[in-house]
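Everything on this sheet refers to the single structure shown next.
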Amino acid sequence: MLKKLQYIFIISLALTAGCQREPDTLWPEVTKEMKPWTRWWWMGNAVDSANLRSLLQEYQQRGFGGVEIAPIYGAKGYEDQYIEHLSDEWMKRLRFTLQTADSLGMGVDLTNGTGWPFGGPQVDTADAATKLIVGTYKLQGEQPLQKKIRSSDPKQPNAPLISLTAYGPDNKTLLLTDKVDSSGTLHWMADKGTWELYALFLGKTKQQVKRAAPGGEGLTLDHFSKGALDRYLQPYTQALGKERIGIRAFYNDSYEVYGADWTEALFKTFRANRGYDLRYYVRDLLSRDSTEQVARIKSDYRETVAEMLLDNFTRHWTHWAHEQHGITKNQAHGSPGNLLDLYAAVDIPEAETFGSSYFPIPGLRRDSADIRNVDPDPMMLKFASSAAHVTGKNLVSSETFTWLTEHFKTSWAQCKPEVDQVFLAGINHVFYHGTTYSPREVPWPGWLFYASVNFVPANSLWSHLDGMNRYITRVQSILQSGKADNELLIYWPIYDIWHQPKGALRALKVHDIDEWLHPTEFYKQALQLQEEGYSFDFVSDHLLEKLQVQDGNWVTGKESLPYRALLIPKTDKMPVETLERLIHLAENGATLIFQSLPKDVPGAHDLERRRMKLAQVLENIKKMSRQPKVGKGKILVKEILRDGLQEVSLPGEALVKTGLRFVRRKVGTGHYYYLVNLTGKRVDEYVTFNGAGASWYILDPLSEKTGRAAIMSKNNQLKVRVQLDPGESWILAGLHKEHQELVDWQYLEKPTASIAIEGKWRLTFKDGGPTIPKARNLDRLMRWTDLQDSAANNFAGKAVYMSTFELPAGSAKEYVLKLDNLFESARIKINGKDAGLIWSLPYKLRLGNLVRPGKNTIEIEVANLMANRTRYMDRRKMKWREYNGSQFVNIDYEPFDASNWKTSPAGLAGPVYIECY
C-alpha cells in the first residue's frame with residue numbers, strides 16, 4: 001500500500017510540478033512528455049516482437065516521446081496473425097512493448113478497450129448501454145385496460161417495466177407499477193374521466209463497439225453504472241496483475257455512446273440528488289412541449305445523469321487506474337455532462353482537433369476538395385485546458401490533426417498553424433492522430449487507419465518529420481514549465497444549456513457547438529475578451545466549490561492560481577449555492593464582475609423556497625455592487641465586462657493589437673510568452689508586455705537559436721522588438737536573471753543583396769516509388785511533376801536538387817535561403833554540411849556561416865506527398881486497403897478512390913534566393 005501511495009504521489013508531482021524559479025538555461029531539459037506522442041493503431045493486434053522493436057526505434061529516432069496503443073480492426077489476409085485482446089499472447093506483446101519503449105526513453109499509454117467507446121465481450125446485456133422504451137395508453141374511467149403493458153420495441157419485447165404512471169382528471173397522478181403482473185396485465189380500475197398512462201421499460205441501445213479489434217467485440221458499456229464499470233474493468237485488472245508493468249496512462253476516447261439515456265439506478269439517484277420522485281413527472285420528461293415546467297424537469301434529469309457519469313464512470317475509472325499504478329487521460333467532449341467537471345476529474349484532460357482551420361498565411365494550401373466541412377474552434381479546446389489549470393494539473397493533451405486533410409495530402413506546413421492554434425488554447429501535450437503499426441513486409445503504403453493523417457514510415461515526408469517534432473518539443477518544453485498565467489476566470493452557465501425543453505440528454509459534441517456554444521453570451525464574451533488581449537480559463541459551479549481566496553490570492557488545495565478577477569457573463573439560471581459561494585469568495589478578496597445578475601434558479605426541485613432565497617441573495621449582491629469593497633474583495637455589475645476590468649485596472653495584453661496571439665506562462669518571477677503570427681502580414685515593432693522581466697530573450701522553437709531581444713523604454717514602459725513573418729512563432733522570455741552568455745538577436749532588416757540561384761541544376765531521385773525516375777540535368781529549376789515524365793508524375797519520395805552559386809565578398813552578418821515554391825519540405829546542405837530543414841511557412845532558413853564568399857554548393861532534398869503514388873495504384877486497381885471491420889473511406893466518409901485525382905505538384909520551382917543581411 002505504501003508503494004502504491006508513493007507512486008501516486010510521484011505521478012501527482014509530475015502532473016503538477018513546474019519550474020518554480022527562473023531557469024539556469026532558457027531551454028528546459030527535455031522529457032518524454034515534452035516530445036509529441038502518437039496514437040498507435042494495432043490492426044488486428046497482429047504485432048510481433050521484431051516489428052515492435054524496429055518501429056519503436058524508428059519512432060524514437062524521429063522524435064516521438066511515446067505511443068498510445070489503440071487496438072483496432074485488422075487487415076484482410078492476415079487473420080492468422082491476429083491476437084485476441086487481453087489474451088496471454090497479447091499481454092506478452094504488451095509487456096515487450098513496454099520494456100522496449102522504456103529502454104528507448106519512451107512512454108506508453110493504453111486504451112481501456114478496443115475501438116471505441118468502452119465495451120466488449122465482458123459486457124453482458126445487464127451492463128450494456130441503456131435507453132428508455134416508452135409506451136403510452138389511454139383509458140376511460142371505470143374500464144379495465146385491455147392492452148398488455150409490454151415493450152413496444154419488437155426487438156426487445158421482454159424489456160422489464162420500471163415505471164407506470166397514470167395521469168387523470170384534475171392533475172391527479174398515480175404510480176401503478178406494482179399493479180402490473182408478469183404477463184403485462186394491469187390490475188387497476190381508473191376513476192371516472194380520461195386517463196393517460198406512461199409505461200417506461202428498461203431497454204438497451206444494443207450499440208456494438210465501433211471498429212473493435214479481435215477479442216474486443218461486444219456491447220457498449222452503461223457509462224452511468226459503477227457496477228457495470230467494475231465488471232467491465234475486471235479482465236484488465238486480472239490481465240495486468242498487481243505489479244506495475246509500465247503503463248503511464250489509461251485512455252478513454254470522446255464520448256460516442258449513442259441513444260443511451262437511462263440506467264437502472266436513475267430513479268433512485270434522482271430522488272436522492274433532486275429531492276423528488278421523477279416517476280410522477282415522466283410526462284414532462286418525455287414531452288415535446290416548450291413549457292417552463294418541461295424545461296425544469298429535463299434540467300434536473302440532465303443534471304442527475306451528469307452526476308452519475310462523473311461519479312460512477314469518470315471518477316471511479318480514475319480511482320481504478322490509480323490502483324493499477326497508472327493515471328487517466330480522458331476526452332470528455334460529446335458527453336451528456338458538465339465538460340469542465342469531467343475533464344477535471346482525470347489526471348490528463350484531453351481535447352481533440354477535427355478538420356481544418358483557415359489561416360490567411362500566404363502560400364498555405366487549403367484545397368476545399370481535400371478538407372472536411374468543419375472548422376475547429378480553439379475555444380472548445382479551452383474546456384480541457386481550463387479544467388487542468390483550475391485544478392492545478394500541468395499536462396493537457398490533444399488528439400491532433402484528425403481529418404486535417406484528405407488521406408495522403410497533408411504537408412507538415414499545413415500541420416504547423418493547426419498545432420500552433422492548439423498550443424494557443426492551452427494544450428501542452430500533443431498526440432498525433434495517428435500512426436498505424438504496419439509490418440515491414442507489408443507492401444507500400446502499409447496498413448493505414450481510415451481517419452488519420454498518416455504519421456508512418458511509409459509516408460514520403462517521414463524523413464522530414466523530425467523537423468516538426470523538434471519544433472513541437474521545444475514549444476511544449478516551455479508550455480510545460482512553470483504554470484499557466486491566465487488572469488481571468490469565466491463562469492460557464494451549464495444550467496442555461498440544461499434548461500431546454502427540446503430533446504432528452506444534451507450531448508455536448510464538438511460537431512454541435514453551433515447549437516450549444518456559439519449562440520451563448522458566454523462564448524461571445526470570451527471571444528471579445530480574447531481580442532482585447534486577456535487570457536482566461538473557464539470554471540464550473542462544482543469547481544468554484546473547490547476554490548479559495550486567501551490574502552487576495554486564488555488557491556486550489558495548496559496550489560496558488562494566477563486569477564485576478566472572476567467574470568460572470570449573462571446567465572439566466574444559477575443555483576443559489578453558487579451565488580452564495582461567489583459572495584464568500586468576494587468577501588475573502590476576489591473581484592467579481594457580473595454582466596447581469598441571474599434571473600432564476602434552475603430545475604424544479606424545492607422551487608419556491610429556492611426562488612425566495614435567490615431574491616434575498618440578489619438583493620444583497622445589488623447592495624454590495626454599490627459599495628467600494630465587499631469584505632476584502634469587490635463586486636461589479638457591468639453590461640460590458642471590459643468596462644469592469646478597466647475599473648479595477650486590469651488591462652489586456654497590448655500585443656494583440658499587432659495581430660499576434662499568445663500564451664503566457666509564469667516561471668518563478670519571470671514570464672515566458674509563446675507568440676504566433678497567424679495573420680497574413682509581417683509584424684515588426686516594439687511591443688509592451690504585461691509580464692514582468694528586466695531582461696528579455698528570444699527563443700526560436702524552429703531553429704532552437706536564442707539571443708537577447710532588442711528593448712526600448714517609452715513613456716516609462718519597457719518595449720520589446722518582435723519580428724515575425726506570417727506563420728512564424730517565437731518564445732519571449734522576460735526574466736530577472738541575466739544570461740550574459742547570449743549575444744544579441746540578429747533581426748533581419750532590409751537585405752543588402754538578394755542573389756538568385758539561377759542556371760543549371762542536377763536533379764536526382766531517391767527513396768521512393770513506385771519506380772525511381774531517372775536523374776537529369778535542368779536548364780532551369782522546375783517541379784518534377786512538370787517534366788512530362790510519367791515516372792516522375794507517379795513518384796512519391798525524395799529528390800535532390802543540386803547547384804552552385806557565387807557570393808560576392810562582403811561582411812554580411814546573416815544569410816537567409818528563401819524558397820517560394822516548395823512542394824512540400826526540404827533538407828538543405830550547403831557546401832556538404834547540413835543547414836537544416838525547411839518544412840513550414842515561410843519557406844526560409846538562416847544559413848549563418850555555412851556560406852562563404854565565392855563559389856558555394858547547395859543541395860536541396862525535397863520530399864513530396866504520397867498522393868501521386870496513391871493515384872497511380874488506384875488507376876491500376878491495385879489492392880492495398882482491404883480491412884475487416886471497417887472500410888477505408890475518404891474525407892467525406894465515402895469509399896476511397898484516388899484514381900480521379902489531379903497530379904499533386906511535387907518538387908521545387910524557382911525562384912530560390914540567398915538574401916544577405
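Labeling convention for the C-alpha cells: chains A, B, ... as they appear, residues from 1 per chain, ligands from 1 in order of appearance.
When DSSP reads the backbone of this structure, the residues of segment 419-462 of chain A it assigns to strand (DSSP E or B) are His429, Val430, Phe431, Tyr432, His433, Gly434, Thr435 and Thr436 of chain A.
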Write the residues of the selection above to a file with N, CA, C and O atoms, as a PDB file, in the first residue's frame.
```pdb
ATOM      1  N   HIS A 429       0.558  19.000 -24.582  1.00  0.00           N
ATOM      2  CA  HIS A 429       0.957  17.588 -24.662  1.00  0.00           C
ATOM      3  C   HIS A 429       0.252  16.988 -25.877  1.00  0.00           C
ATOM      4  O   HIS A 429      -0.837  16.416 -25.759  1.00  0.00           O
ATOM      5  N   VAL A 430       0.885  17.097 -27.047  1.00  0.00           N
ATOM      6  CA  VAL A 430       0.237  16.770 -28.314  1.00  0.00           C
ATOM      7  C   VAL A 430       0.348  15.283 -28.629  1.00  0.00           C
ATOM      8  O   VAL A 430       1.415  14.681 -28.506  1.00  0.00           O
ATOM      9  N   PHE A 431      -0.784  14.712 -29.033  1.00  0.00           N
ATOM     10  CA  PHE A 431      -0.845  13.351 -29.567  1.00  0.00           C
ATOM     11  C   PHE A 431      -1.257  13.432 -31.026  1.00  0.00           C
ATOM     12  O   PHE A 431      -2.287  14.022 -31.356  1.00  0.00           O
ATOM     13  N   TYR A 432      -0.459  12.826 -31.891  1.00  0.00           N
ATOM     14  CA  TYR A 432      -0.826  12.792 -33.309  1.00  0.00           C
ATOM     15  C   TYR A 432      -1.934  11.756 -33.529  1.00  0.00           C
ATOM     16  O   TYR A 432      -1.973  10.713 -32.892  1.00  0.00           O
ATOM     17  N   HIS A 433      -2.762  12.046 -34.482  1.00  0.00           N
ATOM     18  CA  HIS A 433      -3.800  11.107 -34.926  1.00  0.00           C
ATOM     19  C   HIS A 433      -3.548  10.849 -36.408  1.00  0.00           C
ATOM     20  O   HIS A 433      -4.001  11.602 -37.268  1.00  0.00           O
ATOM     21  N   GLY A 434      -2.819   9.750 -36.705  1.00  0.00           N
ATOM     22  CA  GLY A 434      -2.078   8.925 -35.814  1.00  0.00           C
ATOM     23  C   GLY A 434      -1.104   8.095 -36.632  1.00  0.00           C
ATOM     24  O   GLY A 434      -0.807   8.354 -37.793  1.00  0.00           O
ATOM     25  N   THR A 435      -0.630   7.032 -35.994  1.00  0.00           N
ATOM     26  CA  THR A 435       0.395   6.153 -36.569  1.00  0.00           C
ATOM     27  C   THR A 435      -0.112   4.719 -36.526  1.00  0.00           C
ATOM     28  O   THR A 435      -0.502   4.234 -35.466  1.00  0.00           O
ATOM     29  N   THR A 436      -0.116   4.053 -37.649  1.00  0.00           N
ATOM     30  CA  THR A 436      -0.592   2.684 -37.722  1.00  0.00           C
ATOM     31  C   THR A 436       0.592   1.717 -37.711  1.00  0.00           C
ATOM     32  O   THR A 436       1.525   1.864 -38.511  1.00  0.00           O
TER      33      THR A 436
END
```
Test item, helix (DSSP H, G or I) assignment across segment 524-722 of chain A, answer as number ranges by chain: A: 524-531, 541-545, 576-587, 607-625, 641-647, 654-658
Contacts of Asp767 of chain A at 8 Å (only C-alpha atoms; same-chain gap of 4+ positions) as an NGL selection string: :A and (772 or 797-798)
Test item: residues at most 10 Å from Tyr358 of chain A, only C-alpha atoms, excluding those fewer than 2 positions along its chain, as a list of chain:residue names: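 Contacts, in chain order: A:Ser356, A:Pro360, A:Ile361, A:Leu364, A:Arg365, A:Arg366, A:Asp375, A:Pro376, A:Pro417, A:Glu418, A:Leu678.
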Residue neighbourhood segment 377-382 of chain A, 9 Å, only C-alpha atoms, exclusion window fewer than 2 positions, as a list in words: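 Surrounding residues, per the criterion: His333, Glu350, Ala351, Glu352, Thr353, Ser357, Asp375, Ala384, Ser385, Ser386, Ala387, Ser398, Gln421, Val422, Leu424, Ala425, Gly426, Ile427, Val510, Ile513, Leu517, Tyr523, Ala526, Leu527, Phe536, Asp537 and Phe538 of chain A.
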Could you list, with a cut-off of 12 Å and counting only C-alpha atoms, the residues of segment 431-505 of chain A near segment 590-594 of chain A, each shown with its nearest atom pair and the distance in Å rounded to one decimal, rows sorted by chain and ascending number, as a tab-separated table?
```
residue	atom	partner	partner_atom	distance
A:Glu487	CA	A:Thr591	CA	11.4
A:Leu488	CA	A:Thr591	CA	10.0
A:Leu489	CA	A:Leu592	CA	9.6
A:Ile490	CA	A:Ile593	CA	9.7
A:Tyr491	CA	A:Phe594	CA	9.8
```
For segment 226-232 of chain A: contacts at 6 Å, only C-alpha atoms, fewer than 6 positions along chain excluded, given as number ranges by chain: A: 122, 127, 312
Residue with smallest distance to Asp289 of chain A - pool A:Gly65, A:Pro501, A:Gly848, A:Gly557, counting only C-alpha atoms: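 Looking at the shortest contact to Asp289 of chain A, the residue is A:Pro501.
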Shell of 9 Å around Ser695 of chain A, only C-alpha atoms, local chain residues under 2 positions omitted, as a list of chain:residue names: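 The filter keeps A:Gly693, A:Tyr697, A:Arg708, A:Ala709, A:Ile711, A:Ala733, A:Gly734, A:Leu735, A:His736, A:Lys737, A:Glu738, A:His739.
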Residue among A:His319, A:Lys629, A:Arg783, A:Arg875 lying closest to Leu233 of chain A, counting only C-alpha atoms: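 The answer is A:His319, which sits nearest to Leu233 of chain A.
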